[in-house]
Structure formats: C-alpha cells, structure tokens
Amino acid sequence: MRRHSSRKRILVTGGAGFLGSHLCERLVAEGHDVLCGDNFFTGTKGNIAHLIGSPNFELMRHDVTFPLYVEVDEIYNLACPASPVHYQFDPVQTTKTSVHGAINMLGLAKRVKAKILQASTSEVYGNPEVHPQTESYWGHVNPIGIRSCYDEGKRCAETLFLTTIANTTFASR
Ligand SMILES: NC(=O)c1ccc[n+]([C@@H]2O[C@H](COP(=O)([O-])OP(=O)(O)OC[C@H]3O[C@@H](n4cnc5c(N)ncnc54)[C@H](O)[C@@H]3O)[C@@H](O)[C@H]2O)c1
C-alpha cells in the first residue's frame, strides 16, 4: 500500500508519560502512524487510553535500555522519569535509561535513517552560576549528588547525540 508522503511513521518513547501522551495525541490527530513505546514506570495506559483503538496508534510495552527494531521515519526520545522522587527511586536504572536509551535510539535512527529528537533538561546545567544559560555554558554539575543519576545521564545523552548525529535537535530544556 502506498503511503501519503506527509504521513510519517513516528516512534515516541515514553509515550505514555505526561509530555509523551500529549505528543502522541497531537501526532495521531495530524494523521501520522504513531508507535508509542513505554515501560510504564511513571506513565500509564490511562494517559493514552483515548488513543487505543485509533487505527494510526499502536502501544508497545518496551524499555529503552533494550534495543528496538522497528521501521520508522522519526523518533522522539522522551523515555525517562522526570521528577526527583521517581528518578531517585532507582538511580542506576535512571542513568541506564538516559545512556543506554540514547545509544539504542540513536542506533535505531542510524539504521533506518530516521530523524531523532532527544528530550534533554535544564538540569544538565546543575546548579548554574550563569543566568540565563546559553548553549556555550557547560554547567556546574555535581557528579555524586542525589540528582546526578538524572543530570549526568542527560548530559551523557547529549554527548552521544552530538557525537553520533550532526544535526540533532535538543528539546525541553
Ligand atoms: N516535564 C518537564 O517539565 C520536563 C522538563 C525537562 C525535561 N523533561 C524531559 O521530558 C521527558 C518526558 O518528561 P515527562 O514530564 O513527560 O515525564 P514522565 O515521567 O511523565 O514521562 C516519562 C515516560 O517515560 C517512561 N519511561 C521511563 N523509563 C523508561 C524506560 N527505561 N523505557 C521506556 N519508557 C520509560 C515512563 O513510564 C513515562 O511514561 C523526560 O525525558 C524528561 O526528562 C521534562
């Protein structure tokens, strides 16, 4: 079956979360084929319940720390617990989600030549000494603090994106 050229196959990791569920909703409404991947650590099926049954929406239980082989045109990599109470629950898993998740999603993007977006965070600046922070500011980050599993994981993900793909978009700072 021929696909309409503007209709894309889009993977949203963390698609059952707060931001991801709204993104899925928007992309489905625009007519794209949306594949929502989530391990439901903080996200819920309830967040995307209204999309289940839509012919251009597919829900998949998947942890981004494991490789994924799907054919897509675009990837939004949002998978990662965002609030301290959640990301501090299992700091090693949080770090793996950012680092292994970035490696796996970048690998997928490279294989299928997909455009990829990484959800970063202003926490990459740590406790900044410069306000407002610009792209040239590297941050003031504690590598052994209670937030480091999140901050350093996201920083490493930025490194991976920068070194893997030249034209990468960073979002959610
Ligand atoms: N909400 C904000 O204000 C904010 C600010 C800056 C950055 N961000 C980033 O945006 C993204 C989404 O944030 P959110 O507020 O929607 O958080 P959220 O916790 O609501 O959503 C994160 C989603 O990722 C899923 N997830 C977690 N670990 C996973 C894994 N290993 N594999 C697959 N899925 C996994 C969770 O189940 C959840 O559905 C995160 O990457 C976060 O760091 C959010």
# chains A, B, ... in the order shown; residues from 1 in each chain; ligands from 1
$ residues_near_ligand --ligand "ligand 1" --cutoff "7 Å" --atoms "only C-alpha atoms and all ligand atoms" --output "number ranges by chain"
A: 13-20, 37-44, 62-65, 78-83, 97, 101, 119-122, 172-173
$ write_last_selection --atoms "N, CA and C atoms" --output "tab-separated table (two decimals), in the first residue's frame"
chain	number	residue	atom	x	y	z
A	13	THR	N	9.14	7.38	22.42
A	13	THR	CA	9.49	6.62	23.63
A	13	THR	C	9.05	7.44	24.83
A	14	GLY	N	8.57	6.75	25.86
A	14	GLY	CA	7.98	7.47	26.99
A	14	GLY	C	6.64	8.07	26.60
A	15	GLY	N	6.02	7.44	25.61
A	15	GLY	CA	4.77	7.99	25.04
A	15	GLY	C	3.57	7.93	25.95
A	16	ALA	N	3.66	7.16	27.04
A	16	ALA	CA	2.52	7.09	27.97
A	16	ALA	C	2.71	8.05	29.15
A	17	GLY	N	3.76	8.87	29.08
A	17	GLY	CA	4.03	9.82	30.16
A	17	GLY	C	3.28	11.13	29.95
A	18	PHE	N	3.60	12.09	30.79
A	18	PHE	CA	2.92	13.39	30.76
A	18	PHE	C	3.09	14.09	29.41
A	19	LEU	N	4.34	14.35	29.04
A	19	LEU	CA	4.58	15.03	27.76
A	19	LEU	C	4.31	14.11	26.57
A	20	GLY	N	4.77	12.85	26.70
A	20	GLY	CA	4.66	11.91	25.59
A	20	GLY	C	3.22	11.65	25.17
A	37	GLY	N	6.05	3.75	22.68
A	37	GLY	CA	6.79	2.76	23.46
A	37	GLY	C	6.95	3.25	24.89
A	38	ASP	N	6.70	2.37	25.85
A	38	ASP	CA	6.80	2.80	27.25
A	38	ASP	C	6.92	1.56	28.14
A	39	ASN	N	7.69	1.69	29.23
A	39	ASN	CA	7.75	0.57	30.18
A	39	ASN	C	6.80	0.80	31.37
A	40	PHE	N	6.05	1.88	31.32
A	40	PHE	CA	5.03	2.22	32.33
A	40	PHE	C	5.61	2.38	33.73
A	41	PHE	N	6.84	2.87	33.80
A	41	PHE	CA	7.43	3.14	35.13
A	41	PHE	C	6.69	4.30	35.78
A	42	THR	N	6.55	5.41	35.08
A	42	THR	CA	5.76	6.53	35.60
A	42	THR	C	4.54	6.81	34.72
A	43	GLY	N	4.61	6.42	33.48
A	43	GLY	CA	3.48	6.63	32.57
A	43	GLY	C	2.40	5.59	32.79
A	44	THR	N	1.21	5.87	32.30
A	44	THR	CA	0.09	4.93	32.49
A	44	THR	C	-0.67	4.75	31.18
A	62	HIS	N	7.79	-1.43	26.11
A	62	HIS	CA	9.20	-1.59	25.77
A	62	HIS	C	10.05	-0.69	26.66
A	63	ASP	N	11.17	-1.24	27.09
A	63	ASP	CA	12.12	-0.50	27.91
A	63	ASP	C	13.26	-0.05	27.00
A	64	VAL	N	13.53	1.25	26.95
A	64	VAL	CA	14.54	1.77	26.00
A	64	VAL	C	15.96	1.32	26.32
A	65	THR	N	16.15	0.71	27.50
A	65	THR	CA	17.50	0.21	27.79
A	65	THR	C	17.80	-1.05	26.96
A	78	LEU	N	11.68	10.44	24.55
A	78	LEU	CA	11.24	11.11	25.79
A	78	LEU	C	11.36	10.21	27.01
A	79	ALA	N	11.64	8.94	26.81
A	79	ALA	CA	11.61	7.98	27.92
A	79	ALA	C	12.63	8.34	28.99
A	80	CYS	N	12.15	8.67	30.17
A	80	CYS	CA	12.98	8.92	31.35
A	80	CYS	C	12.08	9.50	32.43
A	81	PRO	N	12.15	8.97	33.65
A	81	PRO	CA	11.36	9.61	34.71
A	81	PRO	C	11.87	11.02	34.92
A	82	ALA	N	10.96	11.97	35.10
A	82	ALA	CA	11.36	13.38	35.12
A	82	ALA	C	11.34	14.02	36.51
A	83	SER	N	10.63	13.43	37.43
A	83	SER	CA	10.55	14.09	38.75
A	83	SER	C	11.52	13.40	39.72
A	97	THR	N	18.58	4.43	31.61
A	97	THR	CA	17.51	4.88	30.71
A	97	THR	C	18.00	6.01	29.81
A	101	GLY	N	19.39	4.17	26.69
A	101	GLY	CA	18.25	4.59	25.85
A	101	GLY	C	18.73	5.43	24.67
A	119	ALA	N	14.77	14.49	24.32
A	119	ALA	CA	14.25	15.37	25.38
A	119	ALA	C	15.34	15.52	26.43
A	120	SER	N	15.99	16.66	26.43
A	120	SER	CA	17.02	16.92	27.44
A	120	SER	C	16.38	17.67	28.60
A	121	THR	N	17.16	18.39	29.35
A	121	THR	CA	16.63	19.09	30.52
A	121	THR	C	17.57	20.22	30.93
A	122	SER	N	17.02	21.25	31.53
A	122	SER	CA	17.87	22.34	32.04
A	122	SER	C	18.73	21.85	33.20
A	172	SER	N	13.11	20.56	25.35
A	172	SER	CA	12.66	20.50	26.74
A	172	SER	C	13.66	21.05	27.75
A	173	ARG	N	14.57	21.88	27.36
A	173	ARG	CA	15.49	22.44	28.35
A	173	ARG	C	14.76	23.41	29.25
$ residues_around --residues "Glu129 in chain A" --least-positions-apart "4" --cutoff "10 Å" --atoms "only C-alpha atoms" --output "compact mmCIF listing (two decimals) with C-alpha atoms, in the first residue's frame"
# COMPACT_ATOMS: atom_id res chain seq x y z
CA TYR A 125 23.44 22.83 33.92
CA GLN A 133 22.19 29.69 30.50
CA TYR A 137 27.65 27.44 29.15
CA GLY A 139 27.10 23.95 33.70
CA HIS A 140 28.03 23.43 37.33
$ atom_distance --atom1 "CA of Gln88 in chain A" --atom2 "CA of Asn142 in chain A"
14.8 Å
$ residues_around --residues "range 110-118 of chain A" --least-positions-apart "6" --cutoff "12 Å" --atoms "only C-alpha atoms" --output "VMD selection string"
chain A and resid 8 to 14 67 to 80 98 to 99 101 to 104 154 to 162 164 to 173
$ select_by_dssp --residues "range 5-152 of chain A" --states "strand (DSSP E)" --output "list in words"
Arg9, Ile10, Leu11, Val12, Thr13, Asp33, Val34, Leu35, Cys36, Gly37, Asp38, Phe57, Glu58, Leu59, Met60, Arg61, Glu74, Ile75, Tyr76, Asn77, Lys115, Ile116, Leu117, Gln118 and Ala119 of chain A
$ closest_residue --among "A:Cys36, A:Cys149, A:Leu27, A:Met105" --to "Gln93 in chain A" --atoms "only C-alpha atoms"
A:Cys149
$ select_by_dssp --residues "range 7-173 of chain A" --states "alpha helix (DSSP H)" --output "VMD selection string"
chain A and resid 18 to 29 45 to 48 84 to 87 91 to 112 148 to 164
$ closest_residue --among "A:Asp151, A:Pro128, A:Arg26, A:Ser6" --to "Pro84 in chain A" --atoms "only C-alpha atoms"
A:Asp151
$ closest_residue --among "A:Asn47, A:Asn56, A:Leu106, A:Arg7" --to "Val28 in chain A" --atoms "only C-alpha atoms"
A:Asn56
$ atom_distance --atom1 "CA of Pro91 in chain A" --atom2 "CA of Ile144 in chain A"
11.2 Å
$ atom_distance --atom1 "CA of Glu152 in chain A" --atom2 "CA of Thr95 in chain A"
7.5 Å
